[in-house]
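*Asks:* A single structure is presented below for examination.
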Number of protein chains: 2
Amino acid sequence: MSMRGEKNQAEVLAIMRMSRGPLSAYEILEKLRKAHPKIAPPTIYRALAALTECGRVHRLESLNAFMACKRGRHQHDSILSICDDCGTVEENVDSELLEELSSLIGKSGFKPKRHVIEVHGLCASCRS
Amino acid sequence: MSMRGEKNQAEVLAIMRMSRGPLSAYEILEKLRKAHPKIAPPTIYRALAALTECGRVHRLESLNAFMACKRGRHQHDSILSICDDCGTVEENVDSELLEELSSLIGKSGFKPKRHVIEVHGLCASCRS
DNA sequence: TTTTTTGTTATGTTATAACATAACATTTTT
DNA sequence: AAAAATGTTATGTTATAACATAACAAAAAA
């Protein structure tokens with residue numbers, strides 16, 4: 001295993017952790033270019049793929065964006081609630097709910113591998 | 001209310017119903033261009049927005065694709081299982097599970113509006 | 001040196017902004 | 001009432017923004 005990729009991943013992760021909300025790949029790119037002007041999209045996407053793979057970053061499918069896992073790392077699929085007003089995302093883990101979902105879907109013989117659960121709405125403070 | 005948009009929507013929907021799996025907007029565009037060569041992306045996206053709005057079409061956020069609702073129309077958010085092997089998508093409706101999800105997320109004061117639930121895996125026949 | 005990782009260029013894919021026009025409805029004028 | 005003007009909404013059109021990856025070159029590690 002090499003160290004080079006890990007450096008990119010660490011920098012990408014650091015940028016994401018400084019952000020209060022999700023970032024698009026190109027937003028990350030822009031920020032990273034302040035330090036490394038020549039960096040290109042594939043570098044970001046590779047870093048994001050690795051970070052997503054190991055659970056340190058969540059991809060928000062319904063936003064085409066990414067965020068650092070607030071708990072450091074999630075081994076399992078997480079349940080994300082996305083405030084459509086302020087952009088804040090909360091993470092929840094609930095393996096029981098995932099189980100129920102799997103068993104509902106499993107009735108037809110389907111074998112679940114990855115759960116995408118993203119709930120859009122308004123967070124507590126934006127509701128008022 | 002006009003009739004004009006409804007014609008595009010009907011054609012888009014007809015194309016989607018002829019497909020066994022989800023289609024990207026550009027795949028629909030390509031098909032529609034056989035009849036209407038000059039049609040442009042916004043026309044497709046507008047039709048898809050209207051059809052999604054009224055529940056006749058589901059958007060698959062994790063695929064950036066669309067499919068006709070197999071039951072004609074869903075009033076509520078549906079639970080989609082996507083076979084990563086053959087591309088088949090199954091629809092499920094389970095308002096109880098949606099309730100549980102809402103209440104889990106609602107603990108923090110979050111007010112859910114739209115649920116994106118997409119489960120990736122293998123369908124019964126691809127599993128064997 | 002062979003393999004693997006990373007960098008680089010180019011391009012593919014998805015989606016929408018911005019503006020122009022068309023279609024039809026409504027009101028006003030004649 | 002018929003014709004003209006105006007408003008309103010849908011659609012067409014161009015261009016471009018935004019997201020993502022293929023393909024290959026270069027460098028590093030094994």
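Labeling convention for the structure tokens: chains A, B, ... as they appear, residues from 1 per chain, ligands from 1 in order of appearance.
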Excluding Leu23 of chain B and any residue of its chain fewer than 4 positions from it, enumerate the residues within 8 Å of it, using only C-alpha atoms (C1' of nucleotides), and give them as an NGL selection string.

*Replies:* :B and (16 or 19 or 27-28 or 65-67)

*Asks:* Would you mind exporting the chosen residues as a PDB file, in the first residue's frame, restricted to N, CA and C atoms?

*Replies:*
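Generated file (result28.pdb):
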```pdb
ATOM      1  N   MET B  16     -41.119   5.327 -21.517  1.00  0.00           N
ATOM      2  CA  MET B  16     -40.640   4.715 -20.284  1.00  0.00           C
ATOM      3  C   MET B  16     -41.344   3.397 -20.004  1.00  0.00           C
ATOM      4  N   SER B  19     -39.897   0.380 -21.688  1.00  0.00           N
ATOM      5  CA  SER B  19     -38.573  -0.059 -21.258  1.00  0.00           C
ATOM      6  C   SER B  19     -38.692  -1.008 -20.066  1.00  0.00           C
ATOM      7  N   GLU B  27     -31.315   8.953 -22.546  1.00  0.00           N
ATOM      8  CA  GLU B  27     -31.822   7.785 -23.283  1.00  0.00           C
ATOM      9  C   GLU B  27     -33.248   8.047 -23.768  1.00  0.00           C
ATOM     10  N   ILE B  28     -34.018   8.667 -22.928  1.00  0.00           N
ATOM     11  CA  ILE B  28     -35.380   9.035 -23.334  1.00  0.00           C
ATOM     12  C   ILE B  28     -35.319  10.033 -24.483  1.00  0.00           C
ATOM     13  N   ALA B  65     -31.486   8.238 -12.888  1.00  0.00           N
ATOM     14  CA  ALA B  65     -32.340   7.681 -13.933  1.00  0.00           C
ATOM     15  C   ALA B  65     -33.795   7.730 -13.486  1.00  0.00           C
ATOM     16  N   PHE B  66     -34.671   7.329 -14.394  1.00  0.00           N
ATOM     17  CA  PHE B  66     -36.107   7.452 -14.159  1.00  0.00           C
ATOM     18  C   PHE B  66     -36.812   6.185 -14.603  1.00  0.00           C
ATOM     19  N   MET B  67     -37.932   5.894 -13.967  1.00  0.00           N
ATOM     20  CA  MET B  67     -38.741   4.774 -14.430  1.00  0.00           C
ATOM     21  C   MET B  67     -40.225   5.090 -14.229  1.00  0.00           C
TER      22      MET B  67
END
```

*Asks:* Output chain A as a short mmCIF file (atom, residue, chain, number, x, y, z; two decimals) with N, CA and C atoms, in the first residue's frame, after least-squares fitting it to chain B on all in-order C-alpha pairs.

*Replies:*
```cif
data_model
loop_
_atom_site.label_atom_id
_atom_site.label_comp_id
_atom_site.auth_asym_id
_atom_site.auth_seq_id
_atom_site.Cartn_x
_atom_site.Cartn_y
_atom_site.Cartn_z
N MET A 1 -54.97 25.33 -17.80
CA MET A 1 -53.96 24.29 -18.07
C MET A 1 -53.91 23.98 -19.56
N SER A 2 -52.73 23.81 -20.02
CA SER A 2 -52.55 23.61 -21.45
C SER A 2 -52.49 22.12 -21.79
N MET A 3 -52.66 21.87 -23.07
CA MET A 3 -52.56 20.49 -23.54
C MET A 3 -51.16 20.14 -24.05
N ARG A 4 -50.40 21.14 -24.37
CA ARG A 4 -49.15 20.85 -25.06
C ARG A 4 -48.18 20.00 -24.23
N GLY A 5 -48.02 20.46 -23.01
CA GLY A 5 -47.10 19.74 -22.13
C GLY A 5 -47.56 18.32 -21.89
N GLU A 6 -48.86 18.18 -21.84
CA GLU A 6 -49.39 16.85 -21.55
C GLU A 6 -49.07 15.85 -22.65
N LYS A 7 -48.97 16.36 -23.84
CA LYS A 7 -48.63 15.48 -24.95
C LYS A 7 -47.18 14.98 -24.79
N ASN A 8 -46.31 15.90 -24.49
CA ASN A 8 -44.92 15.49 -24.23
C ASN A 8 -44.86 14.49 -23.10
N GLN A 9 -45.57 14.81 -22.04
CA GLN A 9 -45.56 13.91 -20.89
C GLN A 9 -46.06 12.53 -21.28
N ALA A 10 -47.10 12.48 -22.05
CA ALA A 10 -47.66 11.19 -22.46
C ALA A 10 -46.66 10.42 -23.30
N GLU A 11 -45.98 11.10 -24.18
CA GLU A 11 -45.00 10.41 -25.02
C GLU A 11 -43.81 9.90 -24.20
N VAL A 12 -43.37 10.76 -23.28
CA VAL A 12 -42.26 10.36 -22.41
C VAL A 12 -42.67 9.14 -21.59
N LEU A 13 -43.87 9.20 -21.05
CA LEU A 13 -44.36 8.10 -20.23
C LEU A 13 -44.48 6.82 -21.05
N ALA A 14 -44.97 6.95 -22.26
CA ALA A 14 -45.12 5.77 -23.12
C ALA A 14 -43.76 5.12 -23.37
N ILE A 15 -42.77 5.95 -23.63
CA ILE A 15 -41.42 5.42 -23.84
C ILE A 15 -40.91 4.70 -22.60
N MET A 16 -41.15 5.31 -21.45
CA MET A 16 -40.67 4.71 -20.22
C MET A 16 -41.38 3.40 -19.94
N ARG A 17 -42.64 3.32 -20.31
CA ARG A 17 -43.39 2.10 -20.03
C ARG A 17 -42.98 0.96 -20.95
N MET A 18 -42.41 1.31 -22.07
CA MET A 18 -41.93 0.26 -22.98
C MET A 18 -40.59 -0.30 -22.55
N SER A 19 -39.94 0.39 -21.63
CA SER A 19 -38.61 -0.05 -21.21
C SER A 19 -38.72 -1.00 -20.02
N ARG A 20 -37.88 -2.02 -20.00
CA ARG A 20 -37.95 -2.93 -18.85
C ARG A 20 -37.20 -2.40 -17.65
N GLY A 21 -36.34 -1.43 -17.84
CA GLY A 21 -35.62 -0.88 -16.69
C GLY A 21 -35.62 0.64 -16.71
N PRO A 22 -34.95 1.22 -15.76
CA PRO A 22 -34.87 2.68 -15.70
C PRO A 22 -34.16 3.26 -16.93
N LEU A 23 -34.49 4.47 -17.24
CA LEU A 23 -33.85 5.17 -18.35
C LEU A 23 -33.29 6.50 -17.88
N SER A 24 -32.19 6.87 -18.42
CA SER A 24 -31.68 8.21 -18.14
C SER A 24 -32.44 9.21 -19.01
N ALA A 25 -32.39 10.45 -18.60
CA ALA A 25 -33.08 11.49 -19.36
C ALA A 25 -32.60 11.52 -20.81
N TYR A 26 -31.33 11.29 -20.99
CA TYR A 26 -30.79 11.35 -22.36
C TYR A 26 -31.13 10.12 -23.18
N GLU A 27 -31.37 9.02 -22.53
CA GLU A 27 -31.85 7.84 -23.25
C GLU A 27 -33.29 8.09 -23.74
N ILE A 28 -34.07 8.71 -22.88
CA ILE A 28 -35.43 9.06 -23.27
C ILE A 28 -35.38 10.05 -24.44
N LEU A 29 -34.51 11.00 -24.29
CA LEU A 29 -34.35 12.01 -25.34
C LEU A 29 -34.06 11.36 -26.68
N GLU A 30 -33.13 10.45 -26.66
CA GLU A 30 -32.72 9.77 -27.89
C GLU A 30 -33.91 9.04 -28.54
N LYS A 31 -34.67 8.35 -27.71
CA LYS A 31 -35.83 7.62 -28.23
C LYS A 31 -36.89 8.57 -28.77
N LEU A 32 -37.12 9.62 -28.02
CA LEU A 32 -38.15 10.57 -28.43
C LEU A 32 -37.76 11.28 -29.71
N ARG A 33 -36.49 11.40 -29.94
CA ARG A 33 -36.02 12.09 -31.15
C ARG A 33 -36.29 11.31 -32.43
N LYS A 34 -36.58 10.03 -32.30
CA LYS A 34 -36.94 9.27 -33.48
C LYS A 34 -38.25 9.80 -34.08
N ALA A 35 -39.13 10.23 -33.21
CA ALA A 35 -40.38 10.82 -33.67
C ALA A 35 -40.26 12.33 -33.83
N HIS A 36 -39.52 12.95 -32.92
CA HIS A 36 -39.42 14.42 -32.91
C HIS A 36 -37.95 14.82 -32.86
N PRO A 37 -37.32 14.88 -34.01
CA PRO A 37 -35.86 15.03 -34.04
C PRO A 37 -35.33 16.28 -33.35
N LYS A 38 -36.15 17.28 -33.22
CA LYS A 38 -35.62 18.55 -32.72
C LYS A 38 -35.78 18.74 -31.22
N ILE A 39 -36.32 17.73 -30.58
CA ILE A 39 -36.57 17.91 -29.15
C ILE A 39 -35.27 18.10 -28.36
N ALA A 40 -35.33 18.90 -27.32
CA ALA A 40 -34.13 19.27 -26.57
C ALA A 40 -34.25 18.85 -25.10
N PRO A 41 -33.11 18.76 -24.40
CA PRO A 41 -33.13 18.29 -23.00
C PRO A 41 -34.17 18.97 -22.11
N PRO A 42 -34.31 20.27 -22.12
CA PRO A 42 -35.28 20.87 -21.19
C PRO A 42 -36.70 20.32 -21.34
N THR A 43 -37.08 19.98 -22.56
CA THR A 43 -38.42 19.41 -22.77
C THR A 43 -38.57 18.11 -22.00
N ILE A 44 -37.55 17.28 -22.08
CA ILE A 44 -37.58 16.01 -21.35
C ILE A 44 -37.61 16.26 -19.85
N TYR A 45 -36.75 17.13 -19.41
CA TYR A 45 -36.67 17.37 -17.97
C TYR A 45 -37.96 17.99 -17.44
N ARG A 46 -38.60 18.82 -18.23
CA ARG A 46 -39.89 19.37 -17.79
C ARG A 46 -40.93 18.29 -17.70
N ALA A 47 -40.97 17.44 -18.70
CA ALA A 47 -41.94 16.34 -18.67
C ALA A 47 -41.66 15.43 -17.47
N LEU A 48 -40.41 15.13 -17.25
CA LEU A 48 -40.05 14.26 -16.13
C LEU A 48 -40.40 14.91 -14.80
N ALA A 49 -40.19 16.20 -14.71
CA ALA A 49 -40.53 16.90 -13.46
C ALA A 49 -42.02 16.80 -13.18
N ALA A 50 -42.82 17.02 -14.23
CA ALA A 50 -44.27 16.95 -14.05
C ALA A 50 -44.71 15.53 -13.69
N LEU A 51 -44.14 14.57 -14.38
CA LEU A 51 -44.53 13.17 -14.14
C LEU A 51 -44.07 12.69 -12.77
N THR A 52 -42.92 13.16 -12.35
CA THR A 52 -42.42 12.79 -11.03
C THR A 52 -43.28 13.42 -9.95
N GLU A 53 -43.59 14.68 -10.19
CA GLU A 53 -44.44 15.45 -9.27
C GLU A 53 -45.74 14.72 -8.97
N CYS A 54 -46.38 14.18 -9.99
CA CYS A 54 -47.69 13.57 -9.78
C CYS A 54 -47.58 12.08 -9.49
N GLY A 55 -46.36 11.57 -9.38
CA GLY A 55 -46.19 10.20 -8.91
C GLY A 55 -46.23 9.13 -9.97
N ARG A 56 -46.31 9.54 -11.23
CA ARG A 56 -46.37 8.53 -12.29
C ARG A 56 -44.99 8.03 -12.67
N VAL A 57 -44.01 8.81 -12.30
CA VAL A 57 -42.62 8.44 -12.59
C VAL A 57 -41.81 8.54 -11.31
N HIS A 58 -40.92 7.60 -11.12
CA HIS A 58 -40.00 7.67 -9.99
C HIS A 58 -38.62 8.06 -10.48
N ARG A 59 -38.00 8.91 -9.72
CA ARG A 59 -36.62 9.24 -10.02
C ARG A 59 -35.72 8.38 -9.14
N LEU A 60 -34.73 7.76 -9.74
CA LEU A 60 -33.79 6.95 -8.98
C LEU A 60 -32.55 7.80 -8.73
N GLU A 61 -32.48 8.32 -7.52
CA GLU A 61 -31.42 9.28 -7.20
C GLU A 61 -30.04 8.65 -7.30
N SER A 62 -29.97 7.39 -6.94
CA SER A 62 -28.64 6.77 -6.93
C SER A 62 -28.21 6.28 -8.31
N LEU A 63 -29.06 6.46 -9.30
CA LEU A 63 -28.70 6.08 -10.67
C LEU A 63 -28.79 7.24 -11.64
N ASN A 64 -29.27 8.37 -11.17
CA ASN A 64 -29.60 9.47 -12.08
C ASN A 64 -30.43 8.96 -13.25
N ALA A 65 -31.50 8.30 -12.88
CA ALA A 65 -32.35 7.73 -13.92
C ALA A 65 -33.81 7.77 -13.46
N PHE A 66 -34.69 7.39 -14.37
CA PHE A 66 -36.13 7.50 -14.13
C PHE A 66 -36.83 6.23 -14.57
N MET A 67 -37.95 5.95 -13.94
CA MET A 67 -38.75 4.83 -14.40
C MET A 67 -40.23 5.13 -14.19
N ALA A 68 -41.06 4.57 -15.05
CA ALA A 68 -42.50 4.70 -14.87
C ALA A 68 -42.91 3.91 -13.65
N CYS A 69 -43.83 4.46 -12.90
CA CYS A 69 -44.38 3.72 -11.77
C CYS A 69 -45.12 2.51 -12.30
N LYS A 70 -44.79 1.35 -11.74
CA LYS A 70 -45.39 0.12 -12.26
C LYS A 70 -46.85 -0.03 -11.87
N ARG A 71 -47.24 0.73 -10.88
CA ARG A 71 -48.64 0.63 -10.44
C ARG A 71 -49.44 1.82 -10.95
N GLY A 72 -48.92 2.47 -11.94
CA GLY A 72 -49.64 3.61 -12.50
C GLY A 72 -49.23 4.90 -11.85
N ARG A 73 -49.34 4.89 -10.54
CA ARG A 73 -49.07 6.12 -9.81
C ARG A 73 -48.93 5.82 -8.33
N HIS A 74 -47.97 6.47 -7.71
CA HIS A 74 -47.83 6.34 -6.26
C HIS A 74 -48.07 7.68 -5.63
N GLN A 75 -48.92 7.69 -4.64
CA GLN A 75 -49.13 8.95 -3.96
C GLN A 75 -47.99 9.21 -2.98
N HIS A 76 -47.47 8.14 -2.44
CA HIS A 76 -46.46 8.29 -1.39
C HIS A 76 -45.06 7.88 -1.87
N ASP A 77 -44.10 8.20 -1.06
CA ASP A 77 -42.74 7.81 -1.39
C ASP A 77 -42.65 6.30 -1.47
N SER A 78 -41.90 5.81 -2.41
CA SER A 78 -41.81 4.37 -2.52
C SER A 78 -40.41 3.88 -2.18
N ILE A 79 -40.36 2.60 -1.91
CA ILE A 79 -39.11 1.94 -1.56
C ILE A 79 -38.69 1.15 -2.78
N LEU A 80 -37.53 1.47 -3.29
CA LEU A 80 -37.11 0.88 -4.55
C LEU A 80 -35.95 -0.07 -4.33
N SER A 81 -36.05 -1.26 -4.87
CA SER A 81 -34.91 -2.17 -4.81
C SER A 81 -34.35 -2.35 -6.21
N ILE A 82 -33.08 -2.15 -6.32
CA ILE A 82 -32.41 -2.05 -7.61
C ILE A 82 -31.42 -3.19 -7.75
N CYS A 83 -31.61 -4.03 -8.74
CA CYS A 83 -30.64 -5.10 -8.96
C CYS A 83 -29.44 -4.54 -9.70
N ASP A 84 -28.28 -4.65 -9.07
CA ASP A 84 -27.06 -4.09 -9.67
C ASP A 84 -26.55 -4.94 -10.82
N ASP A 85 -27.16 -6.11 -10.97
CA ASP A 85 -26.72 -7.01 -12.04
C ASP A 85 -27.55 -6.81 -13.30
N CYS A 86 -28.88 -6.90 -13.18
CA CYS A 86 -29.72 -6.84 -14.38
C CYS A 86 -30.46 -5.51 -14.50
N GLY A 87 -30.38 -4.69 -13.48
CA GLY A 87 -30.99 -3.37 -13.57
C GLY A 87 -32.47 -3.31 -13.23
N THR A 88 -33.05 -4.45 -12.97
CA THR A 88 -34.47 -4.48 -12.63
C THR A 88 -34.75 -3.74 -11.32
N VAL A 89 -35.83 -3.02 -11.31
CA VAL A 89 -36.22 -2.29 -10.10
C VAL A 89 -37.58 -2.75 -9.63
N GLU A 90 -37.67 -3.04 -8.34
CA GLU A 90 -38.97 -3.36 -7.76
C GLU A 90 -39.43 -2.22 -6.87
N GLU A 91 -40.73 -1.98 -6.87
CA GLU A 91 -41.29 -0.94 -6.03
C GLU A 91 -42.02 -1.56 -4.85
N ASN A 92 -41.84 -0.95 -3.70
CA ASN A 92 -42.61 -1.35 -2.53
C ASN A 92 -43.17 -0.12 -1.86
N VAL A 93 -44.34 -0.30 -1.28
CA VAL A 93 -44.90 0.78 -0.47
C VAL A 93 -45.09 0.21 0.92
N ASP A 94 -44.65 0.94 1.91
CA ASP A 94 -44.82 0.48 3.28
C ASP A 94 -44.89 1.69 4.19
N SER A 95 -46.10 2.14 4.41
CA SER A 95 -46.24 3.40 5.13
C SER A 95 -45.81 3.24 6.59
N GLU A 96 -45.89 2.01 7.08
CA GLU A 96 -45.47 1.78 8.46
C GLU A 96 -43.97 2.00 8.62
N LEU A 97 -43.23 1.45 7.69
CA LEU A 97 -41.78 1.63 7.72
C LEU A 97 -41.42 3.11 7.56
N LEU A 98 -42.15 3.78 6.70
CA LEU A 98 -41.93 5.21 6.52
C LEU A 98 -42.20 5.97 7.82
N GLU A 99 -43.22 5.52 8.51
CA GLU A 99 -43.56 6.11 9.80
C GLU A 99 -42.43 5.95 10.81
N GLU A 100 -41.94 4.75 10.86
CA GLU A 100 -40.83 4.46 11.79
C GLU A 100 -39.63 5.32 11.47
N LEU A 101 -39.35 5.39 10.21
CA LEU A 101 -38.23 6.20 9.76
C LEU A 101 -38.44 7.66 10.15
N SER A 102 -39.63 8.14 9.89
CA SER A 102 -39.94 9.52 10.24
C SER A 102 -39.82 9.77 11.72
N SER A 103 -40.26 8.79 12.51
CA SER A 103 -40.23 9.03 13.95
C SER A 103 -38.81 8.95 14.50
N LEU A 104 -38.02 8.07 13.91
CA LEU A 104 -36.60 8.01 14.29
C LEU A 104 -35.93 9.36 14.07
N ILE A 105 -36.16 9.87 12.90
CA ILE A 105 -35.51 11.12 12.51
C ILE A 105 -36.15 12.31 13.21
N GLY A 106 -37.43 12.16 13.50
CA GLY A 106 -38.17 13.24 14.14
C GLY A 106 -37.75 13.51 15.58
N LYS A 107 -37.03 12.59 16.17
CA LYS A 107 -36.59 12.76 17.56
C LYS A 107 -35.82 14.06 17.76
N SER A 108 -35.06 14.43 16.76
CA SER A 108 -34.26 15.66 16.87
C SER A 108 -35.04 16.89 16.44
N GLY A 109 -36.32 16.70 16.13
CA GLY A 109 -37.13 17.84 15.71
C GLY A 109 -37.22 17.99 14.21
N PHE A 110 -36.60 17.09 13.50
CA PHE A 110 -36.60 17.15 12.04
C PHE A 110 -37.98 16.81 11.49
N LYS A 111 -38.41 17.58 10.52
CA LYS A 111 -39.73 17.34 9.90
C LYS A 111 -39.55 16.78 8.50
N PRO A 112 -39.76 15.48 8.34
CA PRO A 112 -39.55 14.85 7.04
C PRO A 112 -40.58 15.28 6.00
N LYS A 113 -40.12 15.40 4.78
CA LYS A 113 -41.01 15.80 3.71
C LYS A 113 -40.98 14.79 2.55
N ARG A 114 -39.83 14.26 2.33
CA ARG A 114 -39.66 13.35 1.19
C ARG A 114 -38.62 12.30 1.55
N HIS A 115 -38.98 11.04 1.32
CA HIS A 115 -38.09 9.95 1.67
C HIS A 115 -37.47 9.34 0.42
N VAL A 116 -36.16 9.28 0.41
CA VAL A 116 -35.46 8.59 -0.68
C VAL A 116 -34.94 7.28 -0.11
N ILE A 117 -35.52 6.19 -0.57
CA ILE A 117 -35.10 4.88 -0.08
C ILE A 117 -34.82 3.98 -1.27
N GLU A 118 -33.56 3.70 -1.47
CA GLU A 118 -33.16 2.89 -2.61
C GLU A 118 -32.19 1.81 -2.12
N VAL A 119 -32.57 0.59 -2.34
CA VAL A 119 -31.75 -0.51 -1.86
C VAL A 119 -31.09 -1.21 -3.04
N HIS A 120 -29.78 -1.24 -3.01
CA HIS A 120 -29.04 -1.92 -4.07
C HIS A 120 -28.70 -3.34 -3.65
N GLY A 121 -28.68 -4.22 -4.62
CA GLY A 121 -28.34 -5.60 -4.32
C GLY A 121 -28.57 -6.47 -5.53
N LEU A 122 -28.95 -7.71 -5.26
CA LEU A 122 -29.20 -8.64 -6.36
C LEU A 122 -30.61 -9.18 -6.29
N CYS A 123 -31.28 -9.21 -7.41
CA CYS A 123 -32.64 -9.74 -7.43
C CYS A 123 -32.60 -11.26 -7.38
N ALA A 124 -33.77 -11.85 -7.16
CA ALA A 124 -33.85 -13.29 -6.97
C ALA A 124 -33.17 -14.07 -8.10
N SER A 125 -33.44 -13.67 -9.32
CA SER A 125 -32.90 -14.48 -10.42
C SER A 125 -31.41 -14.26 -10.64
N CYS A 126 -30.93 -13.07 -10.35
CA CYS A 126 -29.49 -12.83 -10.53
C CYS A 126 -28.67 -13.41 -9.39
N ARG A 127 -29.32 -13.73 -8.31
CA ARG A 127 -28.62 -14.25 -7.15
C ARG A 127 -28.11 -15.66 -7.41
N SER A 128 -28.83 -16.36 -8.27
CA SER A 128 -28.48 -17.77 -8.47
C SER A 128 -27.47 -17.96 -9.59
#
```

*Asks:* So that I can check the secondary structure, give me every residue of chain A assigned strand (DSSP E) by backbone DSSP, as a PyMOL selection string.

*Replies:* chain A and resi 57-60+65-68+79-83+89-92+111-122

*Asks:* Determine, counting only C-alpha atoms (C1' of nucleotides), which protein, DNA and RNA residues have an atom within 12 Å of an atom of DT30 of chain C; residues of the same chain fewer than 2 positions away are not included. Present the result as a list in words.

*Replies:*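 What passes the distance filter is DT28 of chain C; DA1, DA2, DA3 and DA4 of chain D.
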
*Asks:* What residues in chain C lie within 10 Å of chain A, counting only C-alpha atoms (C1' of nucleotides), written as JSON, numbers by chain?

*Replies:* {"C": [4, 5, 6, 7, 8, 9]}

*Asks:* Could you save those same residues with all heavy atoms as a short mmCIF file (atom, residue, chain, number, x, y, z; two decimals), in the first residue's frame?

*Replies:*
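selection_31.cif, written as the output of this step:
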```cif
data_model
loop_
_atom_site.label_atom_id
_atom_site.label_comp_id
_atom_site.auth_asym_id
_atom_site.auth_seq_id
_atom_site.Cartn_x
_atom_site.Cartn_y
_atom_site.Cartn_z
P DT C 4 -0.66 -5.91 -9.86
OP1 DT C 4 -1.21 -6.82 -8.84
OP2 DT C 4 -1.28 -5.80 -11.21
"O5'" DT C 4 -0.61 -4.45 -9.21
"C5'" DT C 4 0.23 -4.23 -8.07
"C4'" DT C 4 0.25 -2.75 -7.74
"O4'" DT C 4 1.06 -2.03 -8.69
"C3'" DT C 4 -1.14 -2.11 -7.80
"O3'" DT C 4 -1.31 -1.41 -6.59
"C2'" DT C 4 -1.08 -1.18 -9.01
"C1'" DT C 4 0.41 -0.83 -9.05
N1 DT C 4 0.95 -0.41 -10.37
C2 DT C 4 1.78 0.70 -10.43
O2 DT C 4 2.07 1.37 -9.46
N3 DT C 4 2.26 0.99 -11.69
C4 DT C 4 2.00 0.31 -12.86
O4 DT C 4 2.49 0.66 -13.93
C5 DT C 4 1.12 -0.84 -12.73
C7 DT C 4 0.77 -1.66 -13.93
C6 DT C 4 0.65 -1.15 -11.50
P DT C 5 -2.61 -0.64 -6.18
OP1 DT C 5 -2.94 -0.95 -4.79
OP2 DT C 5 -3.59 -0.86 -7.28
"O5'" DT C 5 -2.14 0.89 -6.24
"C5'" DT C 5 -0.94 1.27 -5.59
"C4'" DT C 5 -0.55 2.65 -6.06
"O4'" DT C 5 -0.15 2.61 -7.44
"C3'" DT C 5 -1.69 3.67 -5.99
"O3'" DT C 5 -1.21 4.74 -5.18
"C2'" DT C 5 -1.96 4.05 -7.43
"C1'" DT C 5 -0.60 3.78 -8.08
N1 DT C 5 -0.58 3.49 -9.54
C2 DT C 5 0.23 4.26 -10.35
O2 DT C 5 0.92 5.18 -9.94
N3 DT C 5 0.23 3.89 -11.69
C4 DT C 5 -0.49 2.87 -12.26
O4 DT C 5 -0.41 2.64 -13.47
C5 DT C 5 -1.32 2.10 -11.36
C7 DT C 5 -2.15 0.96 -11.88
C6 DT C 5 -1.33 2.44 -10.05
P DT C 6 -2.08 5.98 -4.81
OP1 DT C 6 -1.59 6.54 -3.55
OP2 DT C 6 -3.49 5.59 -5.01
"O5'" DT C 6 -1.68 7.00 -5.97
"C5'" DT C 6 -0.34 7.52 -6.01
"C4'" DT C 6 -0.18 8.41 -7.21
"O4'" DT C 6 -0.36 7.63 -8.42
"C3'" DT C 6 -1.20 9.55 -7.31
"O3'" DT C 6 -0.45 10.75 -7.31
"C2'" DT C 6 -1.96 9.29 -8.59
"C1'" DT C 6 -0.97 8.45 -9.38
N1 DT C 6 -1.54 7.53 -10.40
C2 DT C 6 -1.08 7.63 -11.70
O2 DT C 6 -0.26 8.45 -12.06
N3 DT C 6 -1.64 6.72 -12.58
C4 DT C 6 -2.58 5.75 -12.28
O4 DT C 6 -2.98 5.00 -13.15
C5 DT C 6 -3.00 5.70 -10.91
C7 DT C 6 -4.01 4.67 -10.47
C6 DT C 6 -2.46 6.58 -10.03
P DG C 7 -1.08 12.15 -7.52
OP1 DG C 7 -0.26 13.15 -6.80
OP2 DG C 7 -2.53 12.05 -7.30
"O5'" DG C 7 -0.82 12.38 -9.08
"C5'" DG C 7 0.52 12.41 -9.57
"C4'" DG C 7 0.52 12.82 -11.04
"O4'" DG C 7 -0.08 11.77 -11.83
"C3'" DG C 7 -0.25 14.09 -11.36
"O3'" DG C 7 0.56 14.82 -12.28
"C2'" DG C 7 -1.55 13.59 -11.98
"C1'" DG C 7 -1.11 12.30 -12.66
N9 DG C 7 -2.10 11.23 -12.77
C8 DG C 7 -2.84 10.67 -11.76
N7 DG C 7 -3.61 9.68 -12.17
C5 DG C 7 -3.35 9.59 -13.53
C6 DG C 7 -3.89 8.70 -14.50
O6 DG C 7 -4.71 7.79 -14.34
N1 DG C 7 -3.36 8.96 -15.76
C2 DG C 7 -2.43 9.94 -16.05
N2 DG C 7 -2.04 10.03 -17.32
N3 DG C 7 -1.92 10.76 -15.15
C4 DG C 7 -2.43 10.54 -13.92
P DT C 8 0.25 16.23 -12.79
OP1 DT C 8 1.48 16.92 -13.20
OP2 DT C 8 -0.68 16.84 -11.81
"O5'" DT C 8 -0.56 15.88 -14.11
"C5'" DT C 8 0.10 15.13 -15.15
"C4'" DT C 8 -0.80 15.07 -16.38
"O4'" DT C 8 -1.71 13.96 -16.25
"C3'" DT C 8 -1.67 16.31 -16.61
"O3'" DT C 8 -1.28 16.81 -17.87
"C2'" DT C 8 -3.11 15.80 -16.56
"C1'" DT C 8 -2.95 14.31 -16.81
N1 DT C 8 -3.94 13.40 -16.15
C2 DT C 8 -4.49 12.38 -16.91
O2 DT C 8 -4.24 12.21 -18.09
N3 DT C 8 -5.37 11.58 -16.21
C4 DT C 8 -5.72 11.68 -14.88
O4 DT C 8 -6.50 10.88 -14.37
C5 DT C 8 -5.10 12.77 -14.16
C7 DT C 8 -5.41 12.97 -12.70
C6 DT C 8 -4.24 13.57 -14.82
P DT C 9 -1.91 18.16 -18.44
OP1 DT C 9 -0.84 18.87 -19.14
OP2 DT C 9 -2.73 18.81 -17.40
"O5'" DT C 9 -2.90 17.55 -19.55
"C5'" DT C 9 -2.43 16.52 -20.42
"C4'" DT C 9 -3.60 15.99 -21.23
"O4'" DT C 9 -4.35 15.04 -20.44
"C3'" DT C 9 -4.59 17.04 -21.68
"O3'" DT C 9 -4.67 16.96 -23.09
"C2'" DT C 9 -5.90 16.70 -20.99
"C1'" DT C 9 -5.73 15.21 -20.71
N1 DT C 9 -6.46 14.72 -19.51
C2 DT C 9 -7.16 13.53 -19.58
O2 DT C 9 -7.22 12.85 -20.58
N3 DT C 9 -7.79 13.16 -18.41
C4 DT C 9 -7.79 13.86 -17.21
O4 DT C 9 -8.39 13.42 -16.24
C5 DT C 9 -7.03 15.09 -17.21
C7 DT C 9 -6.97 15.91 -15.96
C6 DT C 9 -6.41 15.46 -18.35
#
```
